[in-house]
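Peer 1: Just so it is clear, I am handing over run_2.txt, which has compact mmCIF, C-alpha atoms and all ligand atoms.
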# COMPACT_ATOMS: atom_id res chain seq x y z
CA MET A 1 -55.72 133.14 220.66
CA ARG A 2 -57.18 134.36 223.95
CA ARG A 3 -56.18 137.58 225.67
CA ILE A 4 -56.84 137.93 229.38
CA ARG A 5 -56.10 141.20 231.10
CA VAL A 6 -54.83 141.53 234.65
CA ASN A 7 -56.13 144.90 235.86
CA LEU A 8 -53.67 146.47 238.25
CA GLY A 9 -53.73 150.15 237.28
CA GLU A 10 -50.43 151.17 235.75
CA ARG A 11 -49.07 147.65 236.33
CA SER A 12 -51.82 146.05 234.21
CA TYR A 13 -50.81 143.50 231.60
CA GLU A 14 -52.13 140.91 229.21
CA ILE A 15 -51.81 137.17 229.20
CA LEU A 16 -51.88 135.65 225.72
CA ILE A 17 -52.82 132.00 225.38
CA GLY A 18 -52.77 130.14 222.08
CA ARG A 19 -50.86 128.19 219.47
CA ASN A 20 -47.72 129.26 217.58
CA LEU A 21 -47.32 132.30 219.80
CA LEU A 22 -43.54 131.89 219.93
CA GLU A 23 -43.46 132.89 216.26
CA ARG A 24 -45.37 136.09 216.86
CA CYS A 25 -44.10 137.09 220.28
CA GLY A 26 -41.58 139.55 218.80
CA ARG A 27 -44.42 141.65 217.44
CA GLU A 28 -46.36 141.52 220.71
CA ILE A 29 -43.31 142.47 222.78
CA ALA A 30 -42.21 145.22 220.38
CA SER A 31 -45.66 146.82 220.65
CA LEU A 32 -45.10 147.30 224.41
CA GLY A 33 -42.19 149.65 223.75
CA ILE A 34 -40.15 148.30 226.67
CA GLY A 35 -36.80 148.12 224.89
CA THR A 36 -34.86 146.75 221.96
CA GLU A 37 -32.36 144.58 223.80
CA ALA A 38 -33.64 141.41 225.39
CA VAL A 39 -31.71 139.33 227.89
CA VAL A 40 -33.31 135.89 227.64
CA ILE A 41 -32.87 133.77 230.76
CA ALA A 42 -33.32 130.04 230.16
CA ASN A 43 -31.80 126.69 230.98
CA ARG A 44 -30.02 124.77 228.22
CA ARG A 45 -32.72 122.14 227.90
CA VAL A 46 -35.46 124.68 227.17
CA ALA A 47 -33.11 126.83 225.08
CA SER A 48 -32.18 123.86 222.90
CA LEU A 49 -35.87 123.36 222.14
CA TYR A 50 -37.13 126.92 221.72
CA ALA A 51 -34.37 129.56 221.67
CA GLY A 52 -34.04 129.59 217.86
CA ARG A 53 -37.73 130.26 217.24
CA LEU A 54 -37.82 132.96 219.91
CA ALA A 55 -34.68 134.71 218.66
CA ARG A 56 -35.95 134.76 215.06
CA SER A 57 -39.27 136.23 216.12
CA LEU A 58 -37.57 138.92 218.21
CA ARG A 59 -35.11 139.89 215.48
CA ARG A 60 -37.90 140.17 212.91
CA SER A 61 -39.41 142.82 215.17
CA GLY A 62 -36.17 144.73 215.66
CA ILE A 63 -35.28 143.31 219.09
CA SER A 64 -31.78 141.94 219.56
CA CYS A 65 -31.27 139.23 222.14
CA ARG A 66 -28.59 137.50 224.15
CA PHE A 67 -29.06 134.36 226.18
CA GLU A 68 -28.03 133.79 229.77
CA TYR A 69 -28.08 130.14 230.81
CA ILE A 70 -29.02 128.92 234.26
CA PRO A 71 -28.90 125.44 235.82
CA ASP A 72 -31.87 123.15 235.24
CA SER A 73 -33.18 122.62 238.76
CA GLU A 74 -34.62 124.36 241.80
CA ARG A 75 -30.97 125.03 242.75
CA ALA A 76 -31.02 127.83 240.16
CA LYS A 77 -33.30 129.78 242.50
CA SER A 78 -30.41 130.92 244.70
CA LEU A 79 -28.94 134.26 245.72
CA GLY A 80 -25.66 133.14 244.15
CA GLU A 81 -27.26 132.56 240.77
CA ALA A 82 -29.17 135.85 241.03
CA ALA A 83 -25.92 137.69 241.82
CA ARG A 84 -24.17 136.04 238.88
CA LEU A 85 -26.97 137.10 236.50
CA LEU A 86 -27.00 140.65 237.91
CA GLY A 87 -23.27 140.85 237.27
CA ARG A 88 -23.73 139.69 233.67
CA ILE A 89 -26.59 142.13 233.05
CA SER A 90 -24.74 145.09 234.54
CA SER A 91 -21.82 144.48 232.20
CA ILE A 92 -24.01 145.03 229.12
CA PRO A 93 -23.28 148.42 227.57
CA SER A 94 -26.23 150.74 226.91
CA SER A 95 -28.31 148.61 229.25
CA THR A 96 -30.95 151.33 229.63
CA ASP A 97 -32.87 149.95 226.66
CA MET A 98 -32.77 146.47 228.06
CA PHE A 99 -35.42 144.13 229.40
CA VAL A 100 -35.54 140.51 230.52
CA ILE A 101 -37.39 137.54 229.05
CA ALA A 102 -37.97 134.47 231.23
CA LEU A 103 -38.15 131.48 228.88
CA GLY A 104 -38.90 128.39 230.95
CA GLY A 105 -40.83 126.92 233.83
CA GLY A 106 -41.52 128.33 237.28
CA VAL A 107 -37.89 128.12 238.35
CA THR A 108 -36.75 130.31 235.46
CA GLY A 109 -39.70 132.68 235.87
CA ASP A 110 -39.16 133.16 239.61
CA LEU A 111 -35.41 133.75 239.23
CA ALA A 112 -35.60 135.99 236.14
CA GLY A 113 -38.47 137.92 237.72
CA PHE A 114 -36.45 138.42 240.91
CA VAL A 115 -33.41 139.65 239.00
CA SER A 116 -35.65 142.07 237.04
CA ALA A 117 -37.27 143.28 240.26
CA VAL A 118 -34.02 144.22 241.97
CA TYR A 119 -31.79 145.35 239.09
CA ARG A 120 -31.90 149.16 239.15
CA ARG A 121 -34.94 148.80 241.47
CA GLY A 122 -36.91 147.19 238.68
CA ILE A 123 -36.63 146.74 234.92
CA PRO A 124 -39.35 145.34 232.63
CA TYR A 125 -39.62 141.62 232.12
CA VAL A 126 -41.67 139.26 229.99
CA GLN A 127 -42.82 135.80 230.94
CA ILE A 128 -42.79 133.10 228.27
CA PRO A 129 -43.81 130.10 230.40
CA THR A 130 -42.90 126.74 228.90
CA THR A 131 -44.38 124.39 231.52
CA LEU A 132 -48.07 123.84 232.12
CA LEU A 133 -47.53 124.75 235.78
CA ALA A 134 -45.98 128.08 234.85
CA GLN A 135 -48.74 128.77 232.31
CA VAL A 136 -51.56 128.21 234.81
CA ASP A 137 -49.83 129.52 237.90
CA SER A 138 -46.33 130.84 238.44
CA ALA A 139 -46.00 133.19 235.45
CA ILE A 140 -48.98 135.22 236.64
CA GLY A 141 -49.25 137.40 239.70
CA GLY A 142 -45.85 139.02 240.09
CA LYS A 143 -44.45 136.89 242.91
CA THR A 144 -40.73 136.50 242.28
CA ALA A 145 -38.26 134.79 244.57
CA VAL A 146 -35.14 132.82 245.25
CA ASP A 147 -34.65 130.21 247.97
CA LEU A 148 -32.46 130.22 251.06
CA PRO A 149 -31.09 127.00 252.62
CA GLN A 150 -33.63 127.60 255.44
CA ALA A 151 -36.72 127.58 253.19
CA LYS A 152 -38.06 128.07 249.70
CA ASN A 153 -38.98 131.51 248.31
CA LEU A 154 -37.65 133.30 251.39
CA VAL A 155 -36.12 136.22 249.48
CA GLY A 156 -38.39 137.83 246.96
CA ALA A 157 -40.24 140.81 245.61
CA PHE A 158 -43.50 141.63 243.91
CA HIS A 159 -42.80 142.61 240.33
CA GLN A 160 -45.45 142.19 237.66
CA PRO A 161 -44.41 141.09 234.17
CA ARG A 162 -45.27 143.38 231.24
CA ILE A 163 -46.85 140.54 229.28
CA VAL A 164 -47.25 136.76 229.65
CA ILE A 165 -47.12 134.75 226.43
CA SER A 166 -48.32 131.16 226.82
CA ASP A 167 -47.81 129.06 223.71
CA VAL A 168 -49.73 125.84 224.38
CA GLY A 169 -47.63 123.99 221.81
CA LEU A 170 -44.56 124.22 224.03
CA ILE A 171 -45.84 121.90 226.72
CA ARG A 172 -45.90 118.90 224.38
CA THR A 173 -42.22 118.30 225.12
CA LEU A 174 -42.75 118.14 228.89
CA THR A 175 -42.34 114.84 230.69
CA PRO A 176 -45.61 113.13 231.69
CA ARG A 177 -44.66 113.65 235.35
CA ASP A 178 -44.36 117.42 234.86
CA ARG A 179 -47.73 117.50 233.10
CA ARG A 180 -49.35 115.49 235.87
CA GLY A 181 -47.93 117.87 238.47
CA ALA A 182 -49.62 120.79 236.74
CA LEU A 183 -52.87 118.83 236.64
CA ALA A 184 -52.86 118.93 240.43
CA GLU A 185 -52.87 122.74 240.30
CA ILE A 186 -55.59 122.71 237.63
CA ILE A 187 -57.78 120.46 239.79
CA LYS A 188 -57.06 122.89 242.63
CA TYR A 189 -58.47 125.79 240.60
CA GLY A 190 -61.63 123.80 239.87
CA VAL A 191 -62.15 122.92 243.53
CA ILE A 192 -61.55 126.41 244.88
CA ALA A 193 -63.47 128.43 242.33
CA ASP A 194 -64.98 126.75 239.30
CA ARG A 195 -67.21 123.69 239.33
CA ARG A 196 -67.57 123.79 235.54
CA LEU A 197 -63.81 123.72 235.06
CA PHE A 198 -63.67 120.70 237.39
CA ARG A 199 -66.36 118.96 235.34
CA PHE A 200 -64.53 119.80 232.10
CA VAL A 201 -61.33 118.23 233.43
CA GLU A 202 -63.30 115.13 234.53
CA ALA A 203 -64.76 114.78 231.03
CA ASN A 204 -61.58 115.57 229.05
CA LEU A 205 -58.80 114.15 231.18
CA GLY A 206 -57.27 112.04 228.41
CA ARG A 207 -57.14 114.94 225.97
CA ILE A 208 -55.65 117.27 228.59
CA SER A 209 -53.06 114.69 229.68
CA GLY A 210 -52.13 114.30 226.01
CA ALA A 211 -51.62 118.09 225.75
CA GLU A 212 -54.22 118.37 222.97
CA PRO A 213 -54.13 122.10 222.14
CA GLY A 214 -57.91 122.88 222.13
CA PRO A 215 -58.86 121.65 225.62
CA THR A 216 -55.46 122.65 227.00
CA GLU A 217 -55.94 126.22 225.82
CA LYS A 218 -59.38 126.32 227.42
CA ILE A 219 -58.27 125.07 230.82
CA ILE A 220 -55.23 127.36 230.91
CA ALA A 221 -57.53 130.32 230.18
CA ASP A 222 -59.98 129.25 232.92
CA CYS A 223 -57.20 128.87 235.49
CA VAL A 224 -55.57 132.14 234.49
CA ARG A 225 -58.87 134.00 234.86
CA ILE A 226 -59.27 132.68 238.40
CA LYS A 227 -55.73 133.60 239.37
CA ALA A 228 -55.98 137.02 237.68
CA ARG A 229 -59.15 137.80 239.65
CA LEU A 230 -57.51 136.86 242.96
CA VAL A 231 -54.37 138.84 242.13
CA GLU A 232 -56.46 141.89 241.23
CA ALA A 233 -58.28 141.62 244.55
CA ASP A 234 -55.09 141.24 246.58
CA GLU A 235 -51.98 142.04 244.55
CA ARG A 236 -49.55 141.89 247.48
CA ASP A 237 -51.19 138.98 249.25
CA VAL A 238 -52.03 140.98 252.37
CA LYS A 239 -55.82 140.75 252.45
CA GLY A 240 -56.04 136.99 252.56
CA LYS A 241 -57.84 136.81 249.21
CA ARG A 242 -55.05 134.89 247.48
CA MET A 243 -55.21 132.37 250.27
CA ALA A 244 -57.66 130.09 248.45
CA LEU A 245 -54.75 129.28 246.10
CA ASN A 246 -53.16 127.46 249.05
CA PHE A 247 -55.69 124.63 248.91
CA GLY A 248 -53.66 121.42 249.27
CA HIS A 249 -50.51 123.40 249.94
CA THR A 250 -50.43 123.40 253.76
CA ILE A 251 -49.89 119.65 253.94
CA GLY A 252 -48.30 119.68 250.47
CA HIS A 253 -45.49 121.99 251.60
CA ALA A 254 -45.00 119.91 254.74
CA ILE A 255 -44.67 116.76 252.60
CA GLU A 256 -42.13 118.46 250.33
CA ALA A 257 -40.19 119.81 253.31
CA ALA A 258 -40.31 116.41 255.04
CA ALA A 259 -38.76 114.85 251.95
CA SER A 260 -36.20 117.70 252.01
CA TYR A 261 -37.18 118.64 248.47
CA SER A 262 -35.40 115.50 247.33
CA GLY A 263 -37.66 115.03 244.35
CA LEU A 264 -39.33 112.03 246.04
CA TYR A 265 -42.53 114.01 245.64
CA SER A 266 -42.77 116.71 243.01
CA HIS A 267 -44.59 119.86 244.08
CA GLY A 268 -47.72 118.78 242.19
CA GLU A 269 -47.63 115.29 243.72
CA ALA A 270 -47.29 116.74 247.23
CA VAL A 271 -50.17 119.13 246.52
CA ALA A 272 -52.31 116.23 245.26
CA ILE A 273 -51.82 114.40 248.57
CA GLY A 274 -52.38 117.70 250.41
CA MET A 275 -55.70 118.19 248.59
CA VAL A 276 -56.88 114.70 249.48
CA VAL A 277 -55.91 115.23 253.12
CA ALA A 278 -57.66 118.64 253.19
CA THR A 279 -60.72 116.99 251.63
CA ASP A 280 -60.67 114.33 254.38
CA ILE A 281 -60.36 117.06 257.01
CA ALA A 282 -63.32 118.92 255.47
CA ARG A 283 -65.32 115.68 255.68
CA SER A 284 -64.35 115.14 259.33
CA LEU A 285 -65.42 118.66 260.22
CA GLY A 286 -68.74 118.17 258.43
CA ILE A 287 -68.03 120.94 255.92
CA LEU A 288 -68.10 118.88 252.72
CA GLY A 289 -70.59 116.37 251.33
CA LEU A 290 -69.60 112.78 250.55
CA SER A 291 -70.18 112.84 246.80
CA ASP A 292 -68.06 115.96 246.15
CA ALA A 293 -65.29 114.51 248.34
CA ALA A 294 -65.39 111.28 246.33
CA ARG A 295 -65.23 113.18 243.03
CA ILE A 296 -62.16 115.16 244.17
CA GLU A 297 -60.31 112.00 245.18
CA SER A 298 -61.37 110.14 242.08
CA LEU A 299 -60.17 112.86 239.69
CA ILE A 300 -56.82 113.07 241.48
CA ARG A 301 -56.41 109.28 241.20
CA ARG A 302 -57.47 109.18 237.55
CA SER A 303 -54.90 111.88 236.81
CA GLY A 304 -52.19 109.47 237.93
CA LEU A 305 -51.38 111.57 240.98
CA PRO A 306 -50.65 110.00 244.37
CA VAL A 307 -53.18 110.04 247.19
CA THR A 308 -51.01 108.41 249.85
CA VAL A 309 -47.81 109.42 251.59
CA ARG A 310 -44.97 107.20 252.80
CA PRO A 311 -45.49 106.40 256.48
CA ALA A 312 -41.89 107.34 257.23
CA SER A 313 -42.74 110.89 256.22
CA LEU A 314 -45.53 111.35 258.75
CA ARG A 315 -43.43 112.39 261.75
CA ARG A 316 -41.53 114.83 259.60
CA VAL A 317 -44.77 116.18 258.16
CA TYR A 318 -45.83 116.82 261.76
CA ALA A 319 -42.55 118.61 262.52
CA ALA A 320 -42.87 120.71 259.37
CA HIS A 321 -46.46 121.52 260.31
CA LEU A 322 -45.33 122.76 263.75
CA HIS A 323 -42.59 124.80 262.12
CA ASP A 324 -45.18 126.44 259.81
CA LYS A 325 -47.46 127.07 262.76
CA LYS A 326 -44.70 128.97 264.52
CA PHE A 327 -44.74 131.44 261.65
CA SER A 328 -48.49 131.92 261.61
CA HIS A 329 -48.79 133.15 265.21
CA GLY A 330 -49.42 129.76 266.75
CA THR A 331 -52.50 128.89 264.74
CA ASN A 332 -52.90 126.67 261.74
CA ARG A 333 -55.03 127.74 258.82
CA PHE A 334 -56.48 125.36 256.27
CA VAL A 335 -58.21 126.04 252.99
CA LEU A 336 -61.00 123.46 253.01
CA PRO A 337 -63.54 122.74 250.27
CA SER A 338 -67.19 123.25 251.20
CA SER A 339 -68.24 121.98 247.75
CA ILE A 340 -66.52 121.66 244.38
CA GLY A 341 -66.11 125.32 243.43
CA ALA A 342 -66.07 126.89 246.89
CA VAL A 343 -63.69 126.88 249.85
CA ARG A 344 -63.59 128.10 253.43
CA ILE A 345 -60.59 129.18 255.45
CA VAL A 346 -60.66 127.30 258.75
CA LYS A 347 -58.36 128.24 261.63
CA ASP A 348 -57.09 126.00 264.40
CA VAL A 349 -57.98 122.61 263.01
CA PRO A 350 -57.26 120.22 265.93
CA TRP A 351 -54.10 118.19 265.40
CA ARG A 352 -56.00 114.94 266.07
CA VAL A 353 -58.20 115.66 263.01
CA ILE A 354 -55.15 116.37 260.86
CA ALA A 355 -53.31 113.32 262.21
CA SER A 356 -56.26 111.05 261.56
CA ALA A 357 -56.52 112.29 257.95
CA LEU A 358 -52.77 111.80 257.48
CA ARG A 359 -52.92 108.29 258.98
CA LYS A 360 -55.69 107.37 256.60
CA ARG A 361 -53.47 108.50 253.75
CA SER A 362 -50.30 106.86 254.97
CA ARG A 363 -49.42 104.02 252.63
CA SER A 364 -49.59 101.37 255.35
CA GLY A 365 -52.21 103.06 257.50
CA ALA A 366 -49.68 102.71 260.35
CA SER A 367 -50.10 105.01 263.30
CA GLN A 368 -46.47 106.22 263.49
CA GLY A 369 -47.25 107.38 266.99
CA LEU A 370 -49.26 110.34 265.79
N1 LIG F 401 -44.27 132.72 241.50
C1 LIG F 401 -45.31 131.99 241.77
O1 LIG F 401 -46.42 132.51 241.97
C2 LIG F 401 -45.18 130.51 241.79
C3 LIG F 401 -46.32 129.68 241.83
C4 LIG F 401 -46.13 128.30 241.78
C5 LIG F 401 -44.87 127.75 241.69
N2 LIG F 401 -43.77 128.58 241.67
C6 LIG F 401 -42.40 128.03 241.55
O2 LIG F 401 -42.32 127.36 240.31
C7 LIG F 401 -41.27 126.38 240.39
C8 LIG F 401 -41.74 125.11 239.73
O3 LIG F 401 -42.04 125.37 238.38
P1 LIG F 401 -42.10 124.23 237.28
O4 LIG F 401 -42.96 123.13 237.76
O5 LIG F 401 -42.43 124.89 235.99
O6 LIG F 401 -40.64 123.61 237.31
P2 LIG F 401 -39.32 123.88 236.46
O7 LIG F 401 -39.18 125.29 236.09
O8 LIG F 401 -38.19 123.25 237.24
O9 LIG F 401 -39.57 123.01 235.14
C9 LIG F 401 -39.72 121.60 235.25
C10 LIG F 401 -38.79 120.88 234.27
O10 LIG F 401 -39.31 121.03 232.95
C11 LIG F 401 -38.27 121.43 232.05
N3 LIG F 401 -38.97 122.16 230.99
C12 LIG F 401 -39.50 123.40 231.04
N4 LIG F 401 -40.19 123.65 229.92
C13 LIG F 401 -40.08 122.55 229.13
C14 LIG F 401 -40.59 122.20 227.87
N5 LIG F 401 -41.41 123.02 227.19
N6 LIG F 401 -40.28 120.99 227.35
C15 LIG F 401 -39.49 120.15 228.06
N7 LIG F 401 -38.99 120.39 229.27
C16 LIG F 401 -39.29 121.60 229.81
C17 LIG F 401 -37.35 122.22 232.92
O11 LIG F 401 -36.07 122.30 232.34
C18 LIG F 401 -37.38 121.43 234.21
O12 LIG F 401 -36.48 120.36 234.16
C19 LIG F 401 -40.95 126.24 241.87
O13 LIG F 401 -39.71 126.85 242.14
C20 LIG F 401 -42.06 126.99 242.58
O14 LIG F 401 -41.65 127.57 243.80
C21 LIG F 401 -43.91 129.92 241.70
ZN ZN F 402 -48.51 125.05 243.90
Give the structure from the file, written as structure tokens.
Peer 2:
Amino acid sequence: MRRIRVNLGERSYEILIGRNLLERCGREIASLGIGTEAVVIANRRVASLYAGRLARSLRRSGISCRFEYIPDSERAKSLGEAARLLGRISSIPSSTDMFVIALGGGVTGDLAGFVSAVYRRGIPYVQIPTTLLAQVDSAIGGKTAVDLPQAKNLVGAFHQPRIVISDVGLIRTLTPRDRRGALAEIIKYGVIADRRLFRFVEANLGRISGAEPGPTEKIIADCVRIKARLVEADERDVKGKRMALNFGHTIGHAIEAAASYSGLYSHGEAVAIGMVVATDIARSLGILGLSDAARIESLIRRSGLPVTVRPASLRRVYAAHLHDKKFSHGTNRFVLPSSIGAVRIVKDVPWRVIASALRKRSRSGASQGL
């Protein structure tokens, strides 16, 4: 098992990564002294797979638990669902010795974290991420949120978990599409900060896609270290240091928004296309060499992730881009690779450069009037 510490003064915590951790998480959580009554928030799909093992481990360590079930989709990240959970939690007698466990993917973690952040102005919570995406990304860093109809993650709070327990065995039951989506984020970490990680993924793609525990544990640890370092440098995301994590996300978010979060593109798929477009933009601006650009695209393709977007989406991507721009004081800001392992933040990329990269990546190559 690996232990990685996130150093944030009194809000510091550990991230545990390894096999069979669900069986021993009771002991780890009990040693924190955060309470003896756990409210476990999970959807029924994840609960049916892992609730029994978690409950047994908790009870062995003297922690009682009750489960609160949430819907299995992004729709769970709503103010209505948060209010319902807060009502349930507040009806628990002797709730002073209570804490929350998020058992699930990023949706569960964001919602359970938000509820923990606002209930009594903050109660302890534990992240037990069950998707690869949550293990490498969303469970770490303390960003919690729910969505509004206007946009995703619009209502939120910073609230760090007290521990993150990532059992690599849990991701075996994920769908291949969910695993591929997380691969996009893993490739992102390699491009922004770690050339060796990128090379490791290139060399071990089959084993990682097959969720083989050894290589999976290693890449989760590498990604977590990168994210932990950025979170330590800029906990509240005000100094721009966490911005590198947005590589592929500017266009990625626009693609998701253009598809109205219909599921046409998963987040990871949209980010994959966004990374390829950002790589093309970096090439056009003369920031990135040809061979690194080719390696980025090739790894994304080999991972089974898309590198093209439906032409019909292009106009809407443009509209979403303008909408984003409005909220960043009239400028756009792209995270662009300067080599594999290093990025630059570039402001005011001309629209014609963006449009030309998007056209190149449109499935038909059609101009769509852009
Ligand atoms: N807080 C952050 O810093 C941060 C960062 C990135 C993403 N996010 C958020 O994370 C969310 C996406 O997270 P996600 O990709 O984990 O999606 P998700 O939570 O919807 O999980 C994906 C699917 O996998 C299922 N699932 C979860 N664990 C499973 C398992 N072990 N076996 C089988 N099925 C399992 C879920 O029920 C769900 O259907 C988004 O809402 C996004 O905004 C937050
Ligand atoms: Zn992402």
Peer 1: Please report, as a Markdown table, each residue of chain A lying at most 8 Å from ligand LIG 401 (chain F), together with the nearest pair of atoms and the separation in Å rounded to one decimal; use only C-alpha atoms and all ligand atoms, and order rows by chain and ascending residue number.
Peer 2:
| residue | atom | partner | partner_atom | distance |
| --- | --- | --- | --- | --- |
| A:Asn43 | CA | F:LIG401 | O11 | 6.3 |
| A:Arg44 | CA | F:LIG401 | O11 | 7.7 |
| A:Arg45 | CA | F:LIG401 | O11 | 5.6 |
| A:Val46 | CA | F:LIG401 | C13 | 5.5 |
| A:Leu49 | CA | F:LIG401 | N6 | 7.2 |
| A:Tyr50 | CA | F:LIG401 | N5 | 8.0 |
| A:Asp72 | CA | F:LIG401 | O11 | 5.2 |
| A:Ser73 | CA | F:LIG401 | O8 | 5.3 |
| A:Glu74 | CA | F:LIG401 | O13 | 5.7 |
| A:Lys77 | CA | F:LIG401 | O13 | 7.1 |
| A:Gly104 | CA | F:LIG401 | N4 | 5.0 |
| A:Gly105 | CA | F:LIG401 | O7 | 3.2 |
| A:Gly106 | CA | F:LIG401 | O3 | 3.2 |
| A:Val107 | CA | F:LIG401 | O7 | 3.8 |
| A:Thr108 | CA | F:LIG401 | O7 | 5.6 |
| A:Gly109 | CA | F:LIG401 | N1 | 7.3 |
| A:Asp110 | CA | F:LIG401 | N1 | 5.5 |
| A:Pro129 | CA | F:LIG401 | N4 | 7.4 |
| A:Thr130 | CA | F:LIG401 | N4 | 4.2 |
| A:Thr131 | CA | F:LIG401 | N4 | 4.5 |
| A:Leu132 | CA | F:LIG401 | O5 | 6.9 |
| A:Leu133 | CA | F:LIG401 | O5 | 5.1 |
| A:Ala134 | CA | F:LIG401 | O5 | 4.9 |
| A:Asp137 | CA | F:LIG401 | C3 | 5.3 |
| A:Ser138 | CA | F:LIG401 | C2 | 3.6 |
| A:Ala139 | CA | F:LIG401 | N1 | 6.3 |
| A:Ile140 | CA | F:LIG401 | O1 | 6.5 |
| A:Gly141 | CA | F:LIG401 | O1 | 6.1 |
| A:Gly142 | CA | F:LIG401 | N1 | 6.6 |
| A:Lys143 | CA | F:LIG401 | N1 | 4.4 |
| A:Thr144 | CA | F:LIG401 | N1 | 5.2 |
| A:Ala145 | CA | F:LIG401 | N1 | 7.1 |
| A:Lys152 | CA | F:LIG401 | O14 | 6.9 |
| A:Asn153 | CA | F:LIG401 | O14 | 6.6 |
| A:Leu170 | CA | F:LIG401 | N5 | 4.6 |
| A:Ile171 | CA | F:LIG401 | N5 | 4.6 |
| A:Arg172 | CA | F:LIG401 | N6 | 6.7 |
| A:Thr173 | CA | F:LIG401 | N6 | 4.0 |
| A:Leu174 | CA | F:LIG401 | C15 | 3.9 |
| A:Thr175 | CA | F:LIG401 | C15 | 6.6 |
| A:Asp178 | CA | F:LIG401 | C9 | 6.3 |
| A:Gly181 | CA | F:LIG401 | O4 | 7.3 |
| A:Ala182 | CA | F:LIG401 | O4 | 7.1 |
| A:His267 | CA | F:LIG401 | O4 | 7.3 |
| A:Gly268 | CA | F:LIG401 | O4 | 7.8 |
Peer 1: Report the distance between atom CA of Glu23 of chain A and atom CA of Val168 of chain A in Å, rounded to one decimal place.
Peer 2: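 Calculated distance between atom CA of Glu23 of chain A and atom CA of Val168 of chain A is 12.4 Å.
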Peer 1: So, counting only C-alpha atoms and all ligand atoms, which residue among A:Leu205, A:Val136, A:Ile300, A:Val164 is closest to ligand ZN 402 (chain F)?
Peer 2: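 Residue with the minimum atom-to-atom distance to ligand ZN 402 (chain F): A:Val136.
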Peer 1: Please, what distance in Å, to one decimal, runs between atom CA of Ile287 of chain A and atom CA of Ser338 of chain A?
Peer 2: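 These atoms are spaced 5.3 Å apart.
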Peer 1: Please compute the atom CA of His321 of chain A-atom CA of Ile251 of chain A distance, one decimal, in Å.
Peer 2: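 Calculated distance between atom CA of His321 of chain A and atom CA of Ile251 of chain A is 7.5 Å.
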Peer 1: With a distance cut-off of 9 Å and all atoms listed in the file, select the neighbouring residues of segment 27-31 of chain A, excluding the residue or stretch itself and same-chain residues fewer than 2 positions from it, and output the selection as a short mmCIF file (atom, residue, chain, number, x, y, z; two decimals) with C-alpha atoms, in the frame of the given file.
Peer 2:
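Dumped everything to around-v6.cif:
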data_model
loop_
_atom_site.label_atom_id
_atom_site.label_comp_id
_atom_site.auth_asym_id
_atom_site.auth_seq_id
_atom_site.Cartn_x
_atom_site.Cartn_y
_atom_site.Cartn_z
CA GLU A 23 -43.46 132.89 216.26
CA ARG A 24 -45.37 136.09 216.86
CA CYS A 25 -44.10 137.09 220.28
CA GLY A 33 -42.19 149.65 223.75
CA ILE A 34 -40.15 148.30 226.67
CA GLY A 35 -36.80 148.12 224.89
CA THR A 36 -34.86 146.75 221.96
CA SER A 57 -39.27 136.23 216.12
CA LEU A 58 -37.57 138.92 218.21
CA ARG A 60 -37.90 140.17 212.91
CA SER A 61 -39.41 142.82 215.17
CA GLY A 62 -36.17 144.73 215.66
CA ILE A 63 -35.28 143.31 219.09
CA VAL A 126 -41.67 139.26 229.99
CA ARG A 162 -45.27 143.38 231.24
CA ILE A 163 -46.85 140.54 229.28
CA ILE A 165 -47.12 134.75 226.43
#
Peer 1: Could you tell me which of A:Glu212, A:Glu256, A:Asp194, A:Glu185 comes closest to ligand ZN 402 (chain F) if we count all atoms listed in the file?
Peer 2: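 Closest candidate: A:Glu185.
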Peer 1: Would you please work out which residue, of A:Phe247, A:Phe67, A:Tyr125, A:Phe158, is nearest to ligand ZN 402 (chain F) when using only C-alpha atoms and all ligand atoms?
Peer 2: A:Phe247
Peer 1: When distances are computed from all atoms listed in the file, which of A:Leu336, A:Cys65, A:Leu288, A:Ala47 shows the smallest separation from Lys188 of chain A?
Peer 2: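 When distances to Lys188 of chain A are compared using all atoms listed in the file, the smallest one comes from A:Leu336.
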Peer 1: I'd like the neighbourhood of Leu290 of chain A as a ChimeraX atom specification, where a residue qualifies if any of its atoms comes within 12 Å (using all atoms listed in the file), though same-chain residues fewer than 2 positions away should be ignored.
Peer 2: /A:279-280,282-284,286-288,292-297,337-340
Peer 1: Return the single residue from A:Leu16, A:Ile186, A:Ala193, A:Val155 that is closest to Ile208 of chain A, with distances computed using only C-alpha atoms.
Peer 2: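 Of A:Leu16, A:Ile186, A:Ala193, A:Val155, the one nearest Ile208 of chain A, counting only C-alpha atoms, is A:Ile186.
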Peer 1: With distances taken over all atoms listed in the file, which residue among A:Val317, A:Ala355, A:Ile345, A:Ala244 lies nearest ligand ZN 402 (chain F)?
Peer 2: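 Among the listed residues, A:Ala244 lies closest to ligand ZN 402 (chain F).
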Peer 1: Write out as a short mmCIF file (atom, residue, chain, number, x, y, z; two decimals) with C-alpha atoms, keeping the file's coordinate frame which residues come within 6 Å of Ile192 of chain A when counting only C-alpha atoms, dropping same-chain ones fewer than 2 positions away.
Peer 2:
data_model
loop_
_atom_site.label_atom_id
_atom_site.label_comp_id
_atom_site.auth_asym_id
_atom_site.auth_seq_id
_atom_site.Cartn_x
_atom_site.Cartn_y
_atom_site.Cartn_z
CA TYR A 189 -58.47 125.79 240.60
CA GLY A 190 -61.63 123.80 239.87
CA GLY A 341 -66.11 125.32 243.43
CA ALA A 342 -66.07 126.89 246.89
CA VAL A 343 -63.69 126.88 249.85
#
Peer 1: Please provide as a list in words all residues within 7 Å of Ala117 of chain A, with the sequence filter that same-chain residues fewer than 5 positions apart are discarded (counting only C-alpha atoms).
Peer 2: Gly122, Ile123, Ala157 and His159 of chain A
Peer 1: Any chance you can output those residues with C-alpha atoms as a compact mmCIF listing (two decimals), keeping the file's coordinate frame?
Peer 2:
# COMPACT_ATOMS: atom_id res chain seq x y z
CA GLY A 122 -36.91 147.19 238.68
CA ILE A 123 -36.63 146.74 234.92
CA ALA A 157 -40.24 140.81 245.61
CA HIS A 159 -42.80 142.61 240.33
